[in-house]
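Worksheet for the structure shown next.
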Protein chains: 4
Amino acid sequence: MSRTRLERFSDAVFAVAITLLALNLAVAGPGHGPLLHQVADHWPSFVAYLISFATIGLIWVNHHALIENVAVVDRTMALLNLVLLVFVVLIPVDTATVAKYIALGGQDAQVAVVLYAAAFVGMGLSFAGIFEWTLRTGRLRQPLPARARLKARLQFGAASILYLAAIALAFVSPPVALAIIAAVPIYYIFERLPVVGSPTSDRAQT
Amino acid sequence: MSRTRLERFSDAVFAVAITLLALNLAVAGPGHGPLLHQVADHWPSFVAYLISFATIGLIWVNHHALIENVAVVDRTMALLNLVLLVFVVLIPVDTATVAKYIALGGQDAQVAVVLYAAAFVGMGLSFAGIFEWTLRTGRLRQPLPARARLKARLQFGAASILYLAAIALAFVSPPVALAIIAAVPIYYIFERLPVVGSPTSDRAQT
Amino acid sequence: MSRTRLERFSDAVFAVAITLLALNLAVAGPGHGPLLHQVADHWPSFVAYLISFATIGLIWVNHHALIENVAVVDRTMALLNLVLLVFVVLIPVDTATVAKYIALGGQDAQVAVVLYAAAFVGMGLSFAGIFEWTLRTGRLRQPLPARARLKARLQFGAASILYLAAIALAFVSPPVALAIIAAVPIYYIFERLPVVGSPTSDRAQT
Amino acid sequence: MSRTRLERFSDAVFAVAITLLALNLAVAGPGHGPLLHQVADHWPSFVAYLISFATIGLIWVNHHALIENVAVVDRTMALLNLVLLVFVVLIPVDTATVAKYIALGGQDAQVAVVLYAAAFVGMGLSFAGIFEWTLRTGRLRQPLPARARLKARLQFGAASILYLAAIALAFVSPPVALAIIAAVPIYYIFERLPVVGSPTSDRAQT
């Protein structure tokens with residue numbers, strides 16, 4: 001399979017999922033109280049929107065970095081990529097659920113955050129799976145030094161552990177768990193995945 | 001017509017359809033019982049989501065393999081491809097219908113599964129139609145040996161027969177029919193379509 | 001502007017619009033009578049779905065043929081293309097309206113068909129506008145002989161006249177008007193737009 | 001990151017957002033009065049649809065012109081582009097809110113227009129941010145003369161000031177504020193962004 005088509009399909013799925021996120025922000029409309037109050041009561045939707053947008057956006061950036069260094073897309077990688085997308089596609093729905101329940105507290109808020117974090121765990125593991133497969137088959141355009149491999153694994157591991165911690169914490173405090181989920185993409189804004197061989201790869205790969 | 005534009009349009013339709021699948025998973029929201037119960041009662045939606053996601057995903061992989069070996073996209077192939085997409089686009093709606101009715105049993109569950117399987121039959125036949133057209137017009141980048149042709153036809157035939165069997169079985173047991181529908185993409189995970197000429201084509205075509 | 005980006009954006013809009021068409025086919029779900037009756041009562045939706053799918057699909061094919069022969073996409077063409085897409089994007093909504101009202105008859109069915117046909121008139125005129133602009137600016141990859149120009153204009157004219165006739169006929173018989181709208185894409189299945197210079201262009205342009 | 005993938009992802013988001021705009025035009029259906037009245041009462045939706053379509057469409061054209069001249073897409077630009085898309089994705093929802101409330105007047109109409117204009121302010125500022133970043137990092141394919149830089153900044157500034165003026169005016173007269181918002185894309189139809197170095201760049205860059 002050509003890398004272009006894998007990227008194109010994935011980009012389209014990322015793009016549709018990220019655009020559907022905003023549908024959760026729709027207000028009920030006239031007859032449901034002043035618009036200002038409707039919008040104000042909607043704050044969990046805005047928070048959830050921003051978290052999900054940032055997470056999908058950063059995964060898209062990292063997905064690009066990861067796939068960019070792959071020389072050959074084989075069938076297994078295409079299937080692993082589909083597994084990743086199973087979880088990406090779940091995000092808009094899980095975001096809506098979190099937005100509806102986070103402010104209510106209680107068991108429902110816990111369940112909503114657990115579902116949300118679980119989708120991110122699935123996404124993180126699939127992502128790590130694609131990464132390991134690229135290493136194992138060795139079909140890379142630029143070889144990845146052992147040090148970069150270790151660093152990438154630590155980063156993947158850190159993200160997954162944070163999401164698992166969010167699941168555990170959700171039973172204590174759903175808002176704190178949500179804050180941890182929000183922190184992961186912020187981390188990735190400042191830290192790039194070391195998944196390509198050369199530190200000057202930016203210019204070279206364009 | 002350039003192959004790129006056919007792939008690009010098809011990829012976008014596959015991507016939108018696969019992303020819309022998840023919209024069926026939305027819960028009703030506060031005031032409809034505990035979230036945990038809502039999610040638990042939603043299990044047919046999750047099952048239907050996974051089956052449809054796997055089927056569309058595998059069709060996308062096979063579509064890629066099929067089109068990749070085509071040297072020239074003529075108008076007839078563009079139209080056959082549109083016929084395929086007519087059925088792809090139906091999947092999200094048919095998935096929602098199956099999810100709503102499969103657990104209720106009775107005639108409604110039968111009708112839902114028949115509609116669902118019928119869309120897959122249509123998809124399988126269109127796919128076979130594109131394949132036969134590529135052979136007949138001979139506009140292939142790598143010629144396909146007779147043995148590979150036969151194997152591909154057997155595979156297409158097997159999938160269509162399984163979907164037709166699912167339609168027949170739906171009148172006896174909708175869940176069993178659904179299990180057969182679920183089995184088809186699992187089969188394609190392990191078995192690749194022999195639609196390109198060379199066994200080492202993976203590397204060569206990237 | 002690069003031709004690729006114009007095509008990519010247009011393809012995505014066509015793909016999303018064509019996929020959204022199917023959302024009108026969703027049944028109301030349990031508690032609204034036997035599924036078989038719901039589906040049977042839904043026949044106008046299926047008819048409207050097929051007509052709109054065929055029309056958007058054929059416009060996509062023709063759009064491709066038209067743009068393929070353009071050497072330079074200038075700002076005016078990008079804007080004309082946006083005007084075309086204004087009408088393409090309306091199709092899913094107008095399709096839903098026709099599906100809801102066609103079977104009821106009376107003034108509502110007339111209005112629904114007029115709105116539907118009006119969107120196609122707008123689409124046809126924008127398409128003709130893009131074609132005339134490509135001729136006027138002369139930025140074609142292959143020059144178009146006078147005879148092919150005339151034939152293309154007659155074909156564009158014929159489609160627009162048929163859609164205008166559908167608007168007029170809608171006041172007499174909405175179903176007959178709908179049949180005319182359905183006939184246009186069928187015509188384009190058999191007749192290709194003579195918008196590229198060479199009759200052997202298929203192979204050459206791939 | 002390759003420029004192609006940034007453009008592809010952005011194009012898909014623009015395309016999905018622009019197509020979702022039309023969903024706000026759906027009529028309630030039978031049982032809600034004559035269709036003609038439903039459509040007539042829907043005029044704010046049509047006005048808002050056209051304004052949003054024109055604005056997203058022109059931003060897409062300008063986005064293309066801007067990115068086209070970038071030689072290297074670095075991580076910061078990818079992130080700035082995501083910030084731009086955060087606001088693009090909000091447009092369909094904000095358009096629906098304006099359409100629901102503009103005709104009612106009062107505080108609700110003011111809030112709706114402020115939300116709408118605020119999304120455009122965010123979009124304008126992100127756009128200017130991407131532009132400044134391309135200048136600062138100097139990774140341009142064609143250098144941009146000081147005069148063109150100044151003109152581009154004045155144009156970005158003018159658009160943002162108009163949107164800010166619309167926010168202020170919304171408290172006096174929401175319809176006048178909406179008219180200003182509608183004027184911005186009309187301005188961009190006639191005036192192109194001077195973001196590429198050469199006046200004859202159209203032909204050269206295709």
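Starting from 1 in every chain, residues are counted up; chains themselves are A, B, ... following the order of the structure tokens, and ligands are numbered from 1 as listed.
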
| Using only C-alpha atoms, which chain B residues lie at most 8 Å away from chain A, written as a ChimeraX atom specification? | /B:7-8,11-12,14-16,18-19,22-23,25-27,29-30,34-36,53,57,61,64-65,189,202-203,205-206

| task | List every residue of stretch 18-57 of chain A that DSSP, applied to the backbone, labels as helix (DSSP H, G or I), and write the result as a PyMOL selection string. | result | chain A and resi 18-25+35-41+43-57

Same residues, N, CA and C atoms, output as an mmCIF file, in the first residue's frame:
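The result, written out as part01.cif:
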data_model
loop_
_atom_site.group_PDB
_atom_site.id
_atom_site.type_symbol
_atom_site.label_atom_id
_atom_site.label_comp_id
_atom_site.auth_asym_id
_atom_site.auth_seq_id
_atom_site.Cartn_x
_atom_site.Cartn_y
_atom_site.Cartn_z
ATOM 1 N N ILE A 18 -12.588 15.630 14.022
ATOM 2 C CA ILE A 18 -12.310 16.905 14.690
ATOM 3 C C ILE A 18 -13.406 17.929 14.388
ATOM 4 N N THR A 19 -14.013 17.831 13.210
ATOM 5 C CA THR A 19 -15.069 18.783 12.862
ATOM 6 C C THR A 19 -16.383 18.413 13.537
ATOM 7 N N LEU A 20 -16.629 17.108 13.680
ATOM 8 C CA LEU A 20 -17.856 16.670 14.357
ATOM 9 C C LEU A 20 -17.850 17.061 15.835
ATOM 10 N N LEU A 21 -16.652 17.245 16.406
ATOM 11 C CA LEU A 21 -16.560 17.630 17.821
ATOM 12 C C LEU A 21 -17.426 18.833 18.142
ATOM 13 N N ALA A 22 -17.441 19.806 17.208
ATOM 14 C CA ALA A 22 -18.121 21.074 17.496
ATOM 15 C C ALA A 22 -19.635 20.921 17.529
ATOM 16 N N LEU A 23 -20.155 19.852 16.909
ATOM 17 C CA LEU A 23 -21.619 19.686 16.908
ATOM 18 C C LEU A 23 -22.165 19.589 18.320
ATOM 19 N N ASN A 24 -21.319 19.148 19.256
ATOM 20 C CA ASN A 24 -21.770 19.053 20.647
ATOM 21 C C ASN A 24 -21.985 20.422 21.281
ATOM 22 N N LEU A 25 -21.529 21.478 20.608
ATOM 23 C CA LEU A 25 -21.623 22.813 21.188
ATOM 24 C C LEU A 25 -22.938 23.500 20.850
ATOM 25 N N LEU A 35 -30.071 33.086 25.816
ATOM 26 C CA LEU A 35 -28.944 32.458 25.129
ATOM 27 C C LEU A 35 -27.680 32.513 25.985
ATOM 28 N N LEU A 36 -27.493 33.652 26.683
ATOM 29 C CA LEU A 36 -26.296 33.813 27.497
ATOM 30 C C LEU A 36 -26.219 32.715 28.569
ATOM 31 N N HIS A 37 -27.370 32.400 29.173
ATOM 32 C CA HIS A 37 -27.400 31.337 30.186
ATOM 33 C C HIS A 37 -27.152 29.976 29.543
ATOM 34 N N GLN A 38 -27.769 29.753 28.381
ATOM 35 C CA GLN A 38 -27.551 28.472 27.693
ATOM 36 C C GLN A 38 -26.061 28.260 27.408
ATOM 37 N N VAL A 39 -25.415 29.329 26.920
ATOM 38 C CA VAL A 39 -23.993 29.219 26.599
ATOM 39 C C VAL A 39 -23.178 29.010 27.877
ATOM 40 N N ALA A 40 -23.536 29.765 28.923
ATOM 41 C CA ALA A 40 -22.797 29.644 30.185
ATOM 42 C C ALA A 40 -22.953 28.229 30.762
ATOM 43 N N ASP A 41 -24.171 27.703 30.707
ATOM 44 C CA ASP A 41 -24.398 26.342 31.222
ATOM 45 C C ASP A 41 -23.679 25.290 30.377
ATOM 46 N N TRP A 43 -20.606 25.312 29.554
ATOM 47 C CA TRP A 43 -19.144 25.335 29.686
ATOM 48 C C TRP A 43 -18.493 23.954 29.644
ATOM 49 N N PRO A 44 -19.122 22.889 30.197
ATOM 50 C CA PRO A 44 -18.415 21.602 30.088
ATOM 51 C C PRO A 44 -18.208 21.182 28.629
ATOM 52 N N SER A 45 -19.160 21.571 27.764
ATOM 53 C CA SER A 45 -18.999 21.216 26.351
ATOM 54 C C SER A 45 -17.805 21.933 25.742
ATOM 55 N N PHE A 46 -17.608 23.200 26.134
ATOM 56 C CA PHE A 46 -16.468 23.940 25.586
ATOM 57 C C PHE A 46 -15.148 23.359 26.078
ATOM 58 N N VAL A 47 -15.107 23.034 27.360
ATOM 59 C CA VAL A 47 -13.896 22.427 27.923
ATOM 60 C C VAL A 47 -13.596 21.100 27.224
ATOM 61 N N ALA A 48 -14.615 20.261 27.108
ATOM 62 C CA ALA A 48 -14.421 18.958 26.472
ATOM 63 C C ALA A 48 -14.034 19.120 25.006
ATOM 64 N N TYR A 49 -14.653 20.117 24.346
ATOM 65 C CA TYR A 49 -14.310 20.397 22.945
ATOM 66 C C TYR A 49 -12.832 20.718 22.801
ATOM 67 N N LEU A 50 -12.335 21.619 23.661
ATOM 68 C CA LEU A 50 -10.931 22.029 23.547
ATOM 69 C C LEU A 50 -9.979 20.870 23.842
ATOM 70 N N ILE A 51 -10.302 20.077 24.863
ATOM 71 C CA ILE A 51 -9.441 18.933 25.192
ATOM 72 C C ILE A 51 -9.384 17.946 24.020
ATOM 73 N N SER A 52 -10.568 17.615 23.481
ATOM 74 C CA SER A 52 -10.604 16.622 22.406
ATOM 75 C C SER A 52 -9.953 17.162 21.141
ATOM 76 N N PHE A 53 -10.208 18.447 20.852
ATOM 77 C CA PHE A 53 -9.600 19.047 19.667
ATOM 78 C C PHE A 53 -8.076 19.004 19.773
ATOM 79 N N ALA A 54 -7.565 19.407 20.939
ATOM 80 C CA ALA A 54 -6.110 19.419 21.128
ATOM 81 C C ALA A 54 -5.545 18.007 21.025
ATOM 82 N N THR A 55 -6.255 17.027 21.605
ATOM 83 C CA THR A 55 -5.736 15.661 21.593
ATOM 84 C C THR A 55 -5.723 15.095 20.174
ATOM 85 N N ILE A 56 -6.848 15.239 19.453
ATOM 86 C CA ILE A 56 -6.883 14.737 18.075
ATOM 87 C C ILE A 56 -5.860 15.484 17.226
ATOM 88 N N GLY A 57 -5.773 16.801 17.407
ATOM 89 C CA GLY A 57 -4.816 17.600 16.635
ATOM 90 C C GLY A 57 -3.388 17.140 16.849
#

| message | What does the structure give for the distance between atom CA of C:Leu169 and atom CA of C:Ala152, in Å to one decimal? | response |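 So the answer is 25.4 Å.
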
| message | Quick one: residues within 10 Å of D:Val184, only C-alpha atoms, excluding same-chain residues fewer than 3 positions away - as a ChimeraX atom specification? | response | /D:51,54-55,58,158-160,162-163,179-181,187-189

Selection from above, N, CA, C and O atoms, as a PDB file, in the first residue's frame, can you write it?
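Output file result.pdb follows:
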ATOM      1  N   ILE D  51     -23.362  33.843   4.289  1.00  0.00           N
ATOM      2  CA  ILE D  51     -22.248  34.584   4.901  1.00  0.00           C
ATOM      3  C   ILE D  51     -21.145  33.611   5.331  1.00  0.00           C
ATOM      4  O   ILE D  51     -19.964  33.817   5.041  1.00  0.00           O
ATOM      5  N   ALA D  54     -19.383  31.953   2.310  1.00  0.00           N
ATOM      6  CA  ALA D  54     -18.460  32.875   1.647  1.00  0.00           C
ATOM      7  C   ALA D  54     -17.213  33.075   2.500  1.00  0.00           C
ATOM      8  O   ALA D  54     -16.081  33.080   1.977  1.00  0.00           O
ATOM      9  N   THR D  55     -17.398  33.191   3.823  1.00  0.00           N
ATOM     10  CA  THR D  55     -16.245  33.451   4.682  1.00  0.00           C
ATOM     11  C   THR D  55     -15.308  32.249   4.717  1.00  0.00           C
ATOM     12  O   THR D  55     -14.094  32.387   4.533  1.00  0.00           O
ATOM     13  N   LEU D  58     -13.579  31.927   1.307  1.00  0.00           N
ATOM     14  CA  LEU D  58     -12.494  32.886   1.072  1.00  0.00           C
ATOM     15  C   LEU D  58     -11.295  32.603   1.964  1.00  0.00           C
ATOM     16  O   LEU D  58     -10.142  32.774   1.558  1.00  0.00           O
ATOM     17  N   ALA D 158      -7.333  45.078   8.914  1.00  0.00           N
ATOM     18  CA  ALA D 158      -8.640  45.612   8.551  1.00  0.00           C
ATOM     19  C   ALA D 158      -9.748  44.596   8.837  1.00  0.00           C
ATOM     20  O   ALA D 158     -10.792  44.927   9.414  1.00  0.00           O
ATOM     21  N   ALA D 159      -9.518  43.333   8.447  1.00  0.00           N
ATOM     22  CA  ALA D 159     -10.535  42.305   8.671  1.00  0.00           C
ATOM     23  C   ALA D 159     -10.798  42.133  10.170  1.00  0.00           C
ATOM     24  O   ALA D 159     -11.952  42.108  10.608  1.00  0.00           O
ATOM     25  N   SER D 160      -9.725  42.053  10.963  1.00  0.00           N
ATOM     26  CA  SER D 160      -9.912  41.860  12.400  1.00  0.00           C
ATOM     27  C   SER D 160     -10.614  43.056  13.035  1.00  0.00           C
ATOM     28  O   SER D 160     -11.480  42.899  13.903  1.00  0.00           O
ATOM     29  N   LEU D 162     -12.711  45.042  11.539  1.00  0.00           N
ATOM     30  CA  LEU D 162     -14.121  44.989  11.136  1.00  0.00           C
ATOM     31  C   LEU D 162     -14.884  43.989  12.017  1.00  0.00           C
ATOM     32  O   LEU D 162     -16.017  44.255  12.435  1.00  0.00           O
ATOM     33  N   TYR D 163     -14.267  42.842  12.279  1.00  0.00           N
ATOM     34  CA  TYR D 163     -14.948  41.854  13.122  1.00  0.00           C
ATOM     35  C   TYR D 163     -15.101  42.381  14.553  1.00  0.00           C
ATOM     36  O   TYR D 163     -16.141  42.177  15.194  1.00  0.00           O
ATOM     37  N   ALA D 179     -24.276  42.615   8.897  1.00  0.00           N
ATOM     38  CA  ALA D 179     -23.966  43.153   7.568  1.00  0.00           C
ATOM     39  C   ALA D 179     -22.464  43.399   7.429  1.00  0.00           C
ATOM     40  O   ALA D 179     -21.873  43.155   6.366  1.00  0.00           O
ATOM     41  N   ILE D 180     -21.836  43.855   8.504  1.00  0.00           N
ATOM     42  CA  ILE D 180     -20.384  44.077   8.461  1.00  0.00           C
ATOM     43  C   ILE D 180     -19.651  42.752   8.284  1.00  0.00           C
ATOM     44  O   ILE D 180     -18.717  42.633   7.486  1.00  0.00           O
ATOM     45  N   ILE D 181     -20.097  41.744   9.033  1.00  0.00           N
ATOM     46  CA  ILE D 181     -19.485  40.414   8.902  1.00  0.00           C
ATOM     47  C   ILE D 181     -19.620  39.900   7.471  1.00  0.00           C
ATOM     48  O   ILE D 181     -18.704  39.281   6.922  1.00  0.00           O
ATOM     49  N   TYR D 187     -15.244  41.795   0.387  1.00  0.00           N
ATOM     50  CA  TYR D 187     -14.008  42.545   0.166  1.00  0.00           C
ATOM     51  C   TYR D 187     -12.905  41.632  -0.378  1.00  0.00           C
ATOM     52  O   TYR D 187     -12.212  41.967  -1.337  1.00  0.00           O
ATOM     53  N   TYR D 188     -12.779  40.449   0.214  1.00  0.00           N
ATOM     54  CA  TYR D 188     -11.706  39.543  -0.202  1.00  0.00           C
ATOM     55  C   TYR D 188     -11.925  38.951  -1.585  1.00  0.00           C
ATOM     56  O   TYR D 188     -11.013  38.403  -2.194  1.00  0.00           O
ATOM     57  N   ILE D 189     -13.174  39.004  -2.077  1.00  0.00           N
ATOM     58  CA  ILE D 189     -13.408  38.535  -3.445  1.00  0.00           C
ATOM     59  C   ILE D 189     -12.650  39.416  -4.431  1.00  0.00           C
ATOM     60  O   ILE D 189     -12.093  38.939  -5.420  1.00  0.00           O
TER      61      ILE D 189
END

| request: List the neighbours of B:Val114 out to 9 Å using only C-alpha atoms; skip same-chain residues closer than 4 positions along the sequence, and give me the result as a PyMOL selection string. | output: chain B and resi 109-110+118-119+166-168+170-171+174+177

| task | Pick out the residues sitting within 9 Å of C:Pro175, and hand them over as a PyMOL selection string; count only C-alpha atoms, and ignore anything fewer than 6 positions along from it in its own chain. | result | chain C and resi 102-103+105+109+113

Selection from above, N, CA and C atoms, as a compact mmCIF listing (two decimals), in the first residue's frame, can you write it?
# COMPACT_ATOMS: atom_id res chain seq x y z
N ILE C 102 -42.79 14.76 -1.22
CA ILE C 102 -43.21 14.36 -2.56
C ILE C 102 -44.47 13.48 -2.52
N ALA C 103 -44.54 12.60 -1.52
CA ALA C 103 -45.66 11.67 -1.48
C ALA C 103 -46.93 12.32 -0.97
N GLY C 105 -48.12 15.26 -2.00
CA GLY C 105 -48.79 16.00 -3.05
C GLY C 105 -49.13 17.41 -2.63
N ALA C 109 -45.57 19.59 -2.06
CA ALA C 109 -44.76 18.77 -2.95
C ALA C 109 -44.20 19.62 -4.09
N VAL C 113 -40.15 20.20 -4.82
CA VAL C 113 -39.49 19.87 -6.10
C VAL C 113 -38.87 21.12 -6.73
